[in-house]
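Peer 1: Next up, upload30.pdb (PDB, C-alpha atoms, pLDDT in the B column).
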```
ATOM      1  CA  MET Y 213    -100.106-121.329  45.003  1.00 92.00           C
ATOM      2  CA  GLU Y 214    -102.244-118.963  42.938  1.00 95.00           C
ATOM      3  CA  THR Y 215    -101.058-116.582  40.217  1.00 97.00           C
ATOM      4  CA  MET Y 216    -102.437-113.248  39.060  1.00 96.00           C
ATOM      5  CA  LYS Y 217    -101.004-110.952  36.399  1.00 97.00           C
ATOM      6  CA  GLY Y 218    -101.696-107.832  34.434  1.00 97.00           C
ATOM      7  CA  GLU Y 219     -99.936-105.553  32.000  1.00 97.00           C
ATOM      8  CA  VAL Y 220    -100.015-102.070  30.522  1.00 97.00           C
ATOM      9  CA  VAL Y 221     -98.369-100.634  27.413  1.00 96.00           C
ATOM     10  CA  LEU Y 222     -96.027 -97.725  28.115  1.00 95.00           C
ATOM     11  CA  ASN Y 223     -94.989 -95.130  25.566  1.00 93.00           C
ATOM     12  CA  ILE Y 224     -91.359 -95.289  26.666  1.00 92.00           C
ATOM     13  CA  PRO Y 225     -88.554 -97.736  25.870  1.00 92.00           C
ATOM     14  CA  SER Y 226     -88.167-100.676  28.252  1.00 92.00           C
ATOM     15  CA  GLU Y 227     -84.656 -99.484  29.226  1.00 91.00           C
ATOM     16  CA  LYS Y 228     -86.077 -96.143  30.394  1.00 92.00           C
ATOM     17  CA  ALA Y 229     -88.898 -97.836  32.359  1.00 94.00           C
ATOM     18  CA  TRP Y 230     -86.348-100.170  33.984  1.00 92.00           C
ATOM     19  CA  GLU Y 231     -84.117 -97.248  34.948  1.00 91.00           C
ATOM     20  CA  MET Y 232     -87.084 -95.417  36.484  1.00 93.00           C
ATOM     21  CA  TYR Y 233     -88.223 -98.495  38.435  1.00 94.00           C
ATOM     22  CA  ARG Y 234     -84.789 -99.209  39.926  1.00 92.00           C
ATOM     23  CA  ASN Y 235     -84.155 -95.591  41.041  1.00 93.00           C
ATOM     24  CA  ASN Y 236     -85.750 -94.937  44.446  1.00 94.00           C
ATOM     25  CA  GLU Y 237     -85.695 -91.152  44.063  1.00 94.00           C
ATOM     26  CA  ILE Y 238     -87.498 -91.261  40.720  1.00 94.00           C
ATOM     27  CA  LEU Y 239     -89.868 -94.046  41.802  1.00 93.00           C
ATOM     28  CA  SER Y 240     -90.952 -91.980  44.828  1.00 93.00           C
ATOM     29  CA  LYS Y 241     -91.924 -89.054  42.557  1.00 94.00           C
ATOM     30  CA  ILE Y 242     -93.839 -90.896  39.808  1.00 95.00           C
ATOM     31  CA  ASN Y 243     -97.207 -91.051  41.571  1.00 94.00           C
ATOM     32  CA  PRO Y 244     -97.006 -90.150  45.294  1.00 93.00           C
ATOM     33  CA  ASP Y 245    -100.725 -90.913  45.742  1.00 93.00           C
ATOM     34  CA  LEU Y 246     -99.899 -94.575  45.106  1.00 92.00           C
ATOM     35  CA  LEU Y 247     -96.274 -94.829  46.268  1.00 92.00           C
ATOM     36  CA  SER Y 248     -94.915 -92.111  48.535  1.00 92.00           C
ATOM     37  CA  ALA Y 249     -91.420 -93.532  49.113  1.00 93.00           C
ATOM     38  CA  ALA Y 250     -89.081 -96.339  48.123  1.00 94.00           C
ATOM     39  CA  GLU Y 251     -85.718 -97.084  49.663  1.00 94.00           C
ATOM     40  CA  TYR Y 252     -83.190 -99.874  49.892  1.00 94.00           C
ATOM     41  CA  ILE Y 253     -82.881-100.613  53.605  1.00 94.00           C
ATOM     42  CA  GLN Y 254     -80.263-103.290  52.987  1.00 94.00           C
ATOM     43  CA  GLY Y 255     -78.154-103.752  49.869  1.00 94.00           C
ATOM     44  CA  ASP Y 256     -78.182-101.944  46.550  1.00 91.00           C
ATOM     45  CA  GLY Y 257     -80.873-103.696  44.520  1.00 91.00           C
ATOM     46  CA  ALA Y 258     -79.062-106.977  43.923  1.00 92.00           C
ATOM     47  CA  PRO Y 259     -80.594-110.298  45.006  1.00 94.00           C
ATOM     48  CA  GLY Y 260     -80.805-110.419  48.800  1.00 95.00           C
ATOM     49  CA  SER Y 261     -81.378-106.650  49.100  1.00 94.00           C
ATOM     50  CA  LEU Y 262     -84.337-105.386  51.102  1.00 94.00           C
ATOM     51  CA  ARG Y 263     -86.510-102.616  49.679  1.00 94.00           C
ATOM     52  CA  LEU Y 264     -89.127-100.714  51.659  1.00 94.00           C
ATOM     53  CA  PHE Y 265     -92.154 -99.345  49.827  1.00 93.00           C
ATOM     54  CA  LYS Y 266     -94.339 -96.802  51.664  1.00 92.00           C
ATOM     55  CA  LEU Y 267     -97.687 -96.614  49.953  1.00 89.00           C
ATOM     56  CA  GLY Y 268     -99.515 -93.375  49.279  1.00 89.00           C
ATOM     57  CA  PRO Y 269    -102.897 -92.094  50.469  1.00 90.00           C
ATOM     58  CA  ALA Y 270    -104.820 -93.581  47.524  1.00 86.00           C
ATOM     59  CA  ILE Y 271    -104.216 -97.122  48.806  1.00 85.00           C
ATOM     60  CA  ARG Y 272    -103.144 -96.617  52.410  1.00 74.00           C
ATOM     61  CA  ASN Y 273    -106.446 -98.069  53.666  1.00 75.00           C
ATOM     62  CA  TYR Y 274    -105.408-101.327  51.949  1.00 79.00           C
ATOM     63  CA  VAL Y 275    -101.627-101.452  52.457  1.00 82.00           C
ATOM     64  CA  LYS Y 276     -99.451 -98.923  54.314  1.00 85.00           C
ATOM     65  CA  GLU Y 277     -96.017-100.356  53.620  1.00 86.00           C
ATOM     66  CA  SER Y 278     -94.272-103.406  52.316  1.00 89.00           C
ATOM     67  CA  VAL Y 279     -90.779-104.762  52.951  1.00 90.00           C
ATOM     68  CA  GLU Y 280     -89.627-106.842  50.029  1.00 92.00           C
ATOM     69  CA  LYS Y 281     -86.587-109.055  49.600  1.00 94.00           C
ATOM     70  CA  ILE Y 282     -85.182-109.087  46.086  1.00 93.00           C
ATOM     71  CA  GLU Y 283     -84.889-112.676  44.882  1.00 93.00           C
ATOM     72  CA  LYS Y 284     -83.959-112.380  41.226  1.00 91.00           C
ATOM     73  CA  VAL Y 285     -82.876-109.608  38.875  1.00 92.00           C
ATOM     74  CA  GLU Y 286     -82.702-109.842  35.100  1.00 90.00           C
ATOM     75  CA  THR Y 287     -80.942-106.561  34.368  1.00 82.00           C
ATOM     76  CA  GLY Y 288     -82.944-104.312  32.088  1.00 82.00           C
ATOM     77  CA  ARG Y 289     -85.874-106.688  32.147  1.00 92.00           C
ATOM     78  CA  SER Y 290     -87.380-107.849  35.461  1.00 94.00           C
ATOM     79  CA  VAL Y 291     -87.082-107.987  39.235  1.00 95.00           C
ATOM     80  CA  THR Y 292     -88.757-110.491  41.553  1.00 95.00           C
ATOM     81  CA  TYR Y 293     -89.457-109.786  45.221  1.00 95.00           C
ATOM     82  CA  GLU Y 294     -90.800-111.798  48.101  1.00 94.00           C
ATOM     83  CA  VAL Y 295     -92.806-109.717  50.563  1.00 94.00           C
ATOM     84  CA  ILE Y 296     -91.267-110.328  54.011  1.00 93.00           C
ATOM     85  CA  GLY Y 297     -93.007-107.621  56.050  1.00 92.00           C
ATOM     86  CA  GLY Y 298     -95.989-105.292  56.073  1.00 89.00           C
ATOM     87  CA  ASP Y 299     -99.709-105.649  55.450  1.00 87.00           C
ATOM     88  CA  LEU Y 300     -99.484-107.917  52.386  1.00 89.00           C
ATOM     89  CA  LYS Y 301     -97.458-110.462  54.367  1.00 89.00           C
ATOM     90  CA  GLU Y 302    -100.331-110.740  56.843  1.00 89.00           C
ATOM     91  CA  MET Y 303    -102.861-111.423  54.065  1.00 92.00           C
ATOM     92  CA  TYR Y 304    -100.755-113.634  51.784  1.00 94.00           C
ATOM     93  CA  ASP Y 305     -97.931-115.976  52.668  1.00 92.00           C
ATOM     94  CA  PRO Y 306     -95.993-116.367  50.551  1.00 94.00           C
ATOM     95  CA  TYR Y 307     -96.504-113.313  48.331  1.00 95.00           C
ATOM     96  CA  ARG Y 308     -94.028-112.984  45.482  1.00 96.00           C
ATOM     97  CA  VAL Y 309     -94.256-110.264  42.833  1.00 95.00           C
ATOM     98  CA  THR Y 310     -92.381-109.734  39.570  1.00 96.00           C
ATOM     99  CA  PHE Y 311     -92.226-106.461  37.641  1.00 96.00           C
ATOM    100  CA  SER Y 312     -91.103-106.881  34.014  1.00 96.00           C
ATOM    101  CA  PHE Y 313     -90.420-104.379  31.244  1.00 95.00           C
ATOM    102  CA  ILE Y 314     -90.581-106.020  27.830  1.00 94.00           C
ATOM    103  CA  PRO Y 315     -89.670-104.215  24.585  1.00 92.00           C
ATOM    104  CA  ILE Y 316     -92.334-104.176  21.894  1.00 90.00           C
ATOM    105  CA  GLU Y 317     -90.761-105.184  18.597  1.00 82.00           C
ATOM    106  CA  GLY Y 318     -91.464-103.446  15.291  1.00 75.00           C
ATOM    107  CA  ASP Y 319     -90.618-100.181  13.533  1.00 65.00           C
ATOM    108  CA  ASN Y 320     -93.502 -98.233  15.033  1.00 71.00           C
ATOM    109  CA  ASN Y 321     -92.891 -99.487  18.562  1.00 64.00           C
ATOM    110  CA  VAL Y 322     -89.245 -98.682  19.341  1.00 70.00           C
ATOM    111  CA  ASN Y 323     -90.315 -96.294  22.081  1.00 86.00           C
ATOM    112  CA  LYS Y 324     -92.882 -98.599  23.672  1.00 92.00           C
ATOM    113  CA  CYS Y 325     -92.787-101.466  26.111  1.00 94.00           C
ATOM    114  CA  ILE Y 326     -95.072-103.753  28.045  1.00 95.00           C
ATOM    115  CA  ALA Y 327     -94.909-103.283  31.818  1.00 96.00           C
ATOM    116  CA  GLU Y 328     -96.083-106.485  33.474  1.00 97.00           C
ATOM    117  CA  TRP Y 329     -97.018-107.195  37.084  1.00 97.00           C
ATOM    118  CA  LYS Y 330     -97.266-110.801  38.217  1.00 97.00           C
ATOM    119  CA  ALA Y 331     -98.017-112.090  41.709  1.00 96.00           C
ATOM    120  CA  GLU Y 332     -97.739-115.597  43.085  1.00 96.00           C
ATOM    121  CA  PHE Y 333     -99.455-115.936  46.424  1.00 96.00           C
ATOM    122  CA  LYS Y 334    -101.192-118.112  48.959  1.00 95.00           C
ATOM    123  CA  VAL Y 335    -104.114-116.611  50.875  1.00 93.00           C
ATOM    124  CA  SER Y 336    -103.462-116.697  54.649  1.00 90.00           C
ATOM    125  CA  ALA Y 337    -107.128-116.982  55.732  1.00 86.00           C
ATOM    126  CA  PRO Y 338    -110.308-118.157  53.974  1.00 87.00           C
ATOM    127  CA  ALA Y 339    -112.007-114.725  54.149  1.00 87.00           C
ATOM    128  CA  ILE Y 340    -109.169-112.938  52.332  1.00 90.00           C
ATOM    129  CA  PRO Y 341    -109.804-112.352  48.621  1.00 89.00           C
ATOM    130  CA  PRO Y 342    -107.111-112.549  45.901  1.00 90.00           C
ATOM    131  CA  PRO Y 343    -104.980-109.374  45.685  1.00 93.00           C
ATOM    132  CA  GLU Y 344    -107.081-107.556  43.042  1.00 93.00           C
ATOM    133  CA  LYS Y 345    -106.486-104.201  44.785  1.00 90.00           C
ATOM    134  CA  ALA Y 346    -102.728-104.768  44.684  1.00 92.00           C
ATOM    135  CA  LYS Y 347    -102.951-105.622  40.980  1.00 94.00           C
ATOM    136  CA  ASP Y 348    -105.053-102.546  40.173  1.00 94.00           C
ATOM    137  CA  ALA Y 349    -102.758-100.249  42.164  1.00 93.00           C
ATOM    138  CA  ALA Y 350     -99.615-101.715  40.567  1.00 94.00           C
ATOM    139  CA  LEU Y 351    -100.994-101.314  37.039  1.00 96.00           C
ATOM    140  CA  ARG Y 352    -102.171 -97.742  37.729  1.00 95.00           C
ATOM    141  CA  PHE Y 353     -98.727 -96.981  39.112  1.00 95.00           C
ATOM    142  CA  LEU Y 354     -96.947 -98.483  36.099  1.00 96.00           C
ATOM    143  CA  LYS Y 355     -99.175 -96.492  33.726  1.00 96.00           C
ATOM    144  CA  SER Y 356     -98.054 -93.353  35.611  1.00 95.00           C
ATOM    145  CA  PHE Y 357     -94.564 -93.879  34.141  1.00 95.00           C
ATOM    146  CA  ASP Y 358     -95.868 -92.416  30.847  1.00 91.00           C
ATOM    147  CA  ASN Y 359     -96.863 -89.074  32.362  1.00 87.00           C
ATOM    148  CA  PHE Y 360     -93.823 -88.797  34.600  1.00 87.00           C
ATOM    149  CA  GLN Y 361     -91.241 -89.497  31.933  1.00 65.00           C
ATOM    150  CA  LEU Y 362     -92.351 -86.396  30.037  1.00 58.00           C
ATOM    151  CA  SER Y 363     -90.986 -84.269  32.864  1.00 61.00           C
ATOM    152  CA  TYR Y 364     -88.059 -86.533  33.765  1.00 53.00           C
TER     153      TYR Y 364
END
```
How does the structure come out when it is put into structure tokens?
Peer 2:
Amino acid sequence: METMKGEVVLNIPSEKAWEMYRNNEILSKINPDLLSAAEYIQGDGAPGSLRLFKLGPAIRNYVKESVEKIEKVETGRSVTYEVIGGDLKEMYDPYRVTFSFIPIEGDNNVNKCIAEWKAEFKVSAPAIPPPEKAKDAALRFLKSFDNFQLSY
């Protein structure tokens, strides 16, 4: 299985980023061009829950939607999903993604965190490239948390 990861620094505390990520209503408003809707279609966000992500027009030519089963939750820190339906499942099987929000230590950094995206995947066919587009979209979306939180 291959691994790919990336991270961005956010100018908000990790607790705030976590709260935003876990709230479907807020998540759907952060950057509708990248993610137009998020909803729990089974469960409440605990392991075993299913979450549907409908992607926005900026990446719809790559992925329209993704159904993800929550595997692991470290409250206030990270959530790991396995993609069980949608376009990514056709390209990569398995495709597991973890979003983490890590506090940055130090006096000048109390209101900052590192938002990390990590994918573990196996390409389904030889012609399919690694999920660089998914990585770029995820990191652009995470960086959008900074602008949104000003109005939240």
Peer 1: Compare Y:Pro343, Y:Pro244, Y:Pro225, Y:Gly218 by their minimum atom-to-atom distance to Phe265 (chain Y), counting all atoms listed in the file, and give me the closest one.
Peer 2: Y:Pro244
Peer 1: Report the distance between CA of Lys355 (chain Y) and CA of Leu262 (chain Y) in Å, rounded to one decimal place.
Peer 2: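 Between CA of Lys355 (chain Y) and CA of Leu262 (chain Y) the gap works out to 24.5 Å.
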Peer 1: For region 297-306 of chain Y, list every protein, DNA or RNA residue within 6 Å, evaluated using only C-alpha atoms, and leave out those in the same chain fewer than 6 positions away; present the list as a list in words.
Peer 2: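 Here the answer would be Val275, Glu277, Ser278, Val279, Phe333, Lys334, Val335 and Ser336 of chain Y.
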Peer 1: Taking into account all atoms listed in the file, which residue in the set Y:Ile271, Y:Met232, Y:Ile224, Y:Ile314 is nearest to Lys347 (chain Y)?
Peer 2: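 Closest candidate: Y:Ile271.
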Peer 1: Looking at all atoms listed in the file, which of Y:Ser261, Y:Asn320, Y:Asn243, Y:Ser356 is the one that sits closest to Lys281 (chain Y)?
Peer 2: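 Among the listed residues, Y:Ser261 lies closest to Lys281 (chain Y).
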Peer 1: Ranking Y:Glu344, Y:Glu214, Y:Glu227, Y:Glu251 by minimum distance to Ser290 (chain Y) and counting all atoms listed in the file, which one comes first?
Peer 2: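 Closest candidate: Y:Glu227.
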Peer 1: Which of these residues is nearest to Ser312 (chain Y), using only C-alpha atoms: Y:Leu222, Y:Ile340, Y:Ala349, Y:Val295?
Peer 2: Y:Leu222
Peer 1: Which residue is closest to Ile242 (chain Y)? Choose from Y:Cys325, Y:Lys217, Y:Gly268, Y:Pro338 and count all atoms listed in the file.
Peer 2: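 Going through Y:Cys325, Y:Lys217, Y:Gly268, Y:Pro338 one by one, the smallest distance to Ile242 (chain Y) is for Y:Gly268.
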Peer 1: Apply the PyMOL selection byres ((chain Y and resi 358) around 10) to the displayed file and report the matching residues as a list in words.
Peer 2: Val221, Leu222, Asn223, Ile224, Ala229, Ile242, Lys324, Phe353, Leu354, Lys355, Ser356, Phe357, Asn359, Phe360, Gln361, Leu362 and Ser363 of chain Y
Peer 1: At a cut-off of 7 Å, using only C-alpha atoms, what residues contact Val309 (chain Y)? Leave out same-chain residues fewer than 5 positions from it and give the result as a ChimeraX atom specification.
Peer 2: /Y:292-294,330-332
Peer 1: Using all atoms listed in the file, which residues sit within 7 Å of Val220 (chain Y) once same-chain residues fewer than 3 positions away are excluded, as an NGL selection string?
Peer 2: :Y and (326-328 or 351 or 355)
Peer 1: One decimal, in Å: what's the spacing between CA of Ile296 (chain Y) and CA of Ser226 (chain Y)?
Peer 2: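 Taking CA of Ile296 (chain Y) and CA of Ser226 (chain Y), their separation equals 27.7 Å.
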Peer 1: Quick one, how far is CA of Glu237 (chain Y) from CA of Leu267 (chain Y)?
Peer 2: 14.4 Å
Peer 1: Would you write out, as a list in words, every residue that the PyMOL selection byres ((chain Y and resi 254) around 12) captures in this file?
Peer 2: Glu251, Tyr252, Ile253, Gly255, Asp256, Gly257, Ala258, Pro259, Gly260, Ser261, Leu262, Arg263, Leu264, Val279, Glu280, Lys281 and Ile282 of chain Y
Peer 1: Work out where the centre of an axis-aligned box around every listed atom of region 297-316 of chain Y lies and how long its edges are once 8 Å is added on each side; give both in Å to one decimal as lines of an AutoDock Vina configuration file.
Peer 2:
```
center_x = -96.3
center_y = -110.3
center_z = 39.4
size_x = 29.2
size_y = 28.2
size_z = 50.9
```
